[in-house]
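Engineer: Dropping the structure in here first, questions after.
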Amino acid sequence: MTDHQSTRLARIAAPEGVAPAAGYAHVVMGTGRFVAVSGQCALDEKGAVVGEGDPAAQARQVFENLRRCLAAAGATFDDVVKLTYFVTDVAHLPAVREARDAVIPADRLPASSAVQVAALFRPELLLEVEAFAVLPAG
């Protein structure tokens, strides 16, 4: 088990009998206030698509939108315990991971799931990411 900054969150990269995770933690535990951030897409503040056809540009915008949503709740990426990726093509996952790695250090990786979907709510969108975070109680 490893901790970050406090004992509030703990990560287990490889529970006994489970193959080590590649780029995520199998288990993240925490105590405090739960924050759920709805799936974010590559839309700017006016609702226009950022990076049409470019998964890397879309991923960067998605993580910026996640950052803003987390901040509105008083949270940061350090507080994230779970990310769920919805991609229209699994080939977009390296771009998503690169954007994630730019904001979340390797020793603080959350649990995660990735799902390929047939489509998102607008055809020009390539990915969506939702987040769960835990803040200190109080």
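Starting from 1 in every chain, residues are counted up; chains themselves are A, B, ... following the order of the structure tokens, and ligands are numbered from 1 as listed.
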Residues of segment 20-105 of chain A that have any atom at most 10 Å from an atom of segment 121-135 of chain A: could you tabulate them with the shortest-distance atom pair and the distance in Å to one decimal, using only C-alpha atoms, ordered by chain and increasing number, as a tab-separated table?
Structural biologist:
```
residue	atom	partner	partner_atom	distance
A:Met29	CA	A:Val134	CA	9.0
A:Gly30	CA	A:Val134	CA	6.5
A:Thr31	CA	A:Val134	CA	6.9
A:Gly32	CA	A:Leu135	CA	5.3
A:Arg33	CA	A:Leu135	CA	4.9
A:Phe34	CA	A:Val134	CA	4.7
A:Val35	CA	A:Ala133	CA	4.9
A:Ala36	CA	A:Phe132	CA	4.6
A:Val37	CA	A:Ala131	CA	5.1
A:Ser38	CA	A:Glu130	CA	5.2
A:Gly39	CA	A:Glu130	CA	3.9
A:Gln40	CA	A:Val129	CA	5.3
A:Cys41	CA	A:Glu128	CA	4.7
A:Ala42	CA	A:Leu125	CA	6.9
A:Leu43	CA	A:Leu125	CA	8.8
A:Val49	CA	A:Leu125	CA	7.3
A:Val50	CA	A:Leu125	CA	8.9
A:Gly51	CA	A:Leu125	CA	8.8
A:Glu52	CA	A:Glu124	CA	5.9
A:Gly53	CA	A:Glu124	CA	6.9
A:Asp54	CA	A:Leu126	CA	8.1
A:Pro55	CA	A:Leu126	CA	6.4
A:Ala56	CA	A:Leu126	CA	9.9
A:Gln58	CA	A:Leu127	CA	7.3
A:Ala59	CA	A:Leu127	CA	7.3
A:Val62	CA	A:Val129	CA	7.0
A:Phe63	CA	A:Val129	CA	8.0
A:Asn65	CA	A:Val129	CA	9.7
A:Leu66	CA	A:Ala131	CA	7.6
A:Cys69	CA	A:Ala131	CA	9.6
A:Leu70	CA	A:Ala133	CA	8.2
A:Ala73	CA	A:Leu135	CA	9.0
A:Gly74	CA	A:Leu135	CA	8.0
A:Ala75	CA	A:Leu135	CA	6.6
A:Thr76	CA	A:Ala133	CA	8.5
A:Phe77	CA	A:Ala133	CA	8.1
A:Asp78	CA	A:Ala133	CA	8.5
A:Asp79	CA	A:Ala133	CA	5.1
A:Val80	CA	A:Ala133	CA	4.0
A:Val81	CA	A:Ala133	CA	5.2
A:Lys82	CA	A:Phe132	CA	5.1
A:Leu83	CA	A:Ala131	CA	4.6
A:Thr84	CA	A:Glu130	CA	5.3
A:Tyr85	CA	A:Val129	CA	4.7
A:Phe86	CA	A:Glu128	CA	5.1
A:Val87	CA	A:Leu127	CA	4.4
A:Thr88	CA	A:Leu126	CA	5.4
A:Asp89	CA	A:Leu126	CA	7.6
A:Val90	CA	A:Leu127	CA	9.8
A:His92	CA	A:Leu126	CA	7.8
A:Leu93	CA	A:Leu127	CA	9.1
A:Val96	CA	A:Leu127	CA	8.4
```
Engineer: May I ask for the distance between atom CA of Arg11 of chain A and atom CA of Val117 of chain A, given in Å to one decimal place?
Structural biologist: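 Value for the atom CA of Arg11 of chain A-atom CA of Val117 of chain A distance: 28.1 Å.
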Engineer: Nearest to Ser113 of chain A: which of A:Lys46, A:Ala91, A:Pro136, A:Ala22 is it, counting only C-alpha atoms?
Structural biologist: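 Looking only at the distances to Ser113 of chain A, the closest residue turns out to be A:Ala22.
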Engineer: I need the alpha helix (DSSP H) residues of segment 2-138 of chain A per DSSP on the backbone, written as a PDB file with N, CA and C atoms, in the first residue's frame.
Structural biologist:
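Contents of the output file selection.pdb:
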```
ATOM      1  N   PRO A  55      -7.501  13.208 -31.179  1.00  0.00           N
ATOM      2  CA  PRO A  55      -7.709  12.666 -29.837  1.00  0.00           C
ATOM      3  C   PRO A  55      -6.812  13.302 -28.776  1.00  0.00           C
ATOM      4  N   ALA A  56      -5.585  13.689 -29.116  1.00  0.00           N
ATOM      5  CA  ALA A  56      -4.698  14.308 -28.129  1.00  0.00           C
ATOM      6  C   ALA A  56      -5.234  15.669 -27.692  1.00  0.00           C
ATOM      7  N   ALA A  57      -5.666  16.487 -28.637  1.00  0.00           N
ATOM      8  CA  ALA A  57      -6.227  17.801 -28.297  1.00  0.00           C
ATOM      9  C   ALA A  57      -7.511  17.637 -27.493  1.00  0.00           C
ATOM     10  N   GLN A  58      -8.332  16.673 -27.873  1.00  0.00           N
ATOM     11  CA  GLN A  58      -9.564  16.447 -27.125  1.00  0.00           C
ATOM     12  C   GLN A  58      -9.258  15.979 -25.707  1.00  0.00           C
ATOM     13  N   ALA A  59      -8.284  15.095 -25.559  1.00  0.00           N
ATOM     14  CA  ALA A  59      -7.933  14.595 -24.227  1.00  0.00           C
ATOM     15  C   ALA A  59      -7.432  15.726 -23.335  1.00  0.00           C
ATOM     16  N   ARG A  60      -6.613  16.613 -23.887  1.00  0.00           N
ATOM     17  CA  ARG A  60      -6.132  17.751 -23.087  1.00  0.00           C
ATOM     18  C   ARG A  60      -7.301  18.625 -22.635  1.00  0.00           C
ATOM     19  N   GLN A  61      -8.255  18.882 -23.516  1.00  0.00           N
ATOM     20  CA  GLN A  61      -9.413  19.695 -23.139  1.00  0.00           C
ATOM     21  C   GLN A  61     -10.259  18.980 -22.089  1.00  0.00           C
ATOM     22  N   VAL A  62     -10.433  17.686 -22.243  1.00  0.00           N
ATOM     23  CA  VAL A  62     -11.206  16.911 -21.270  1.00  0.00           C
ATOM     24  C   VAL A  62     -10.575  17.027 -19.884  1.00  0.00           C
ATOM     25  N   PHE A  63      -9.265  16.864 -19.793  1.00  0.00           N
ATOM     26  CA  PHE A  63      -8.622  16.947 -18.483  1.00  0.00           C
ATOM     27  C   PHE A  63      -8.633  18.373 -17.932  1.00  0.00           C
ATOM     28  N   GLU A  64      -8.615  19.370 -18.801  1.00  0.00           N
ATOM     29  CA  GLU A  64      -8.776  20.744 -18.322  1.00  0.00           C
ATOM     30  C   GLU A  64     -10.194  20.939 -17.770  1.00  0.00           C
ATOM     31  N   ASN A  65     -11.194  20.403 -18.450  1.00  0.00           N
ATOM     32  CA  ASN A  65     -12.571  20.493 -17.949  1.00  0.00           C
ATOM     33  C   ASN A  65     -12.716  19.747 -16.622  1.00  0.00           C
ATOM     34  N   LEU A  66     -12.089  18.574 -16.517  1.00  0.00           N
ATOM     35  CA  LEU A  66     -12.109  17.846 -15.246  1.00  0.00           C
ATOM     36  C   LEU A  66     -11.462  18.672 -14.141  1.00  0.00           C
ATOM     37  N   ARG A  67     -10.330  19.300 -14.444  1.00  0.00           N
ATOM     38  CA  ARG A  67      -9.643  20.137 -13.455  1.00  0.00           C
ATOM     39  C   ARG A  67     -10.571  21.236 -12.954  1.00  0.00           C
ATOM     40  N   ARG A  68     -11.269  21.893 -13.875  1.00  0.00           N
ATOM     41  CA  ARG A  68     -12.177  22.978 -13.499  1.00  0.00           C
ATOM     42  C   ARG A  68     -13.339  22.456 -12.650  1.00  0.00           C
ATOM     43  N   CYS A  69     -13.877  21.310 -13.007  1.00  0.00           N
ATOM     44  CA  CYS A  69     -14.980  20.724 -12.226  1.00  0.00           C
ATOM     45  C   CYS A  69     -14.504  20.329 -10.833  1.00  0.00           C
ATOM     46  N   LEU A  70     -13.338  19.700 -10.763  1.00  0.00           N
ATOM     47  CA  LEU A  70     -12.786  19.326  -9.458  1.00  0.00           C
ATOM     48  C   LEU A  70     -12.565  20.578  -8.605  1.00  0.00           C
ATOM     49  N   ALA A  71     -12.004  21.627  -9.200  1.00  0.00           N
ATOM     50  CA  ALA A  71     -11.750  22.870  -8.461  1.00  0.00           C
ATOM     51  C   ALA A  71     -13.045  23.459  -7.916  1.00  0.00           C
ATOM     52  N   ALA A  72     -14.123  23.353  -8.691  1.00  0.00           N
ATOM     53  CA  ALA A  72     -15.412  23.868  -8.223  1.00  0.00           C
ATOM     54  C   ALA A  72     -15.877  23.159  -6.964  1.00  0.00           C
ATOM     55  N   LEU A  93      -6.635   5.655 -26.583  1.00  0.00           N
ATOM     56  CA  LEU A  93      -6.202   5.536 -25.188  1.00  0.00           C
ATOM     57  C   LEU A  93      -4.795   6.086 -24.926  1.00  0.00           C
ATOM     58  N   PRO A  94      -3.812   5.902 -25.806  1.00  0.00           N
ATOM     59  CA  PRO A  94      -2.504   6.514 -25.525  1.00  0.00           C
ATOM     60  C   PRO A  94      -2.595   8.045 -25.372  1.00  0.00           C
ATOM     61  N   ALA A  95      -3.415   8.700 -26.165  1.00  0.00           N
ATOM     62  CA  ALA A  95      -3.582  10.154 -26.042  1.00  0.00           C
ATOM     63  C   ALA A  95      -4.235  10.504 -24.721  1.00  0.00           C
ATOM     64  N   VAL A  96      -5.194   9.694 -24.286  1.00  0.00           N
ATOM     65  CA  VAL A  96      -5.861   9.920 -23.007  1.00  0.00           C
ATOM     66  C   VAL A  96      -4.859   9.745 -21.867  1.00  0.00           C
ATOM     67  N   ARG A  97      -4.073   8.689 -21.926  1.00  0.00           N
ATOM     68  CA  ARG A  97      -3.077   8.441 -20.875  1.00  0.00           C
ATOM     69  C   ARG A  97      -2.034   9.556 -20.818  1.00  0.00           C
ATOM     70  N   GLU A  98      -1.619  10.059 -21.977  1.00  0.00           N
ATOM     71  CA  GLU A  98      -0.652  11.156 -22.007  1.00  0.00           C
ATOM     72  C   GLU A  98      -1.225  12.406 -21.330  1.00  0.00           C
ATOM     73  N   ALA A  99      -2.471  12.728 -21.627  1.00  0.00           N
ATOM     74  CA  ALA A  99      -3.117  13.889 -20.992  1.00  0.00           C
ATOM     75  C   ALA A  99      -3.263  13.655 -19.490  1.00  0.00           C
ATOM     76  N   ARG A 100      -3.630  12.437 -19.110  1.00  0.00           N
ATOM     77  CA  ARG A 100      -3.748  12.101 -17.681  1.00  0.00           C
ATOM     78  C   ARG A 100      -2.402  12.228 -16.982  1.00  0.00           C
ATOM     79  N   ASP A 101      -1.358  11.672 -17.605  1.00  0.00           N
ATOM     80  CA  ASP A 101      -0.036  11.684 -16.989  1.00  0.00           C
ATOM     81  C   ASP A 101       0.516  13.099 -16.829  1.00  0.00           C
TER      82      ASP A 101
END
```
Engineer: Using Å and a single decimal, report how far atom CA of Val103 of chain A sits from atom CA of Ile12 of chain A.
Structural biologist: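 So the two atoms, atom CA of Ile12 of chain A and atom CA of Val103 of chain A, lie 20.1 Å apart.
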Engineer: What does the structure give for the distance between atom CA of Ala111 of chain A and atom CA of Gly47 of chain A, in Å to one decimal?
Structural biologist: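 We find that atom CA of Ala111 of chain A and atom CA of Gly47 of chain A lie 28.8 Å from each other.
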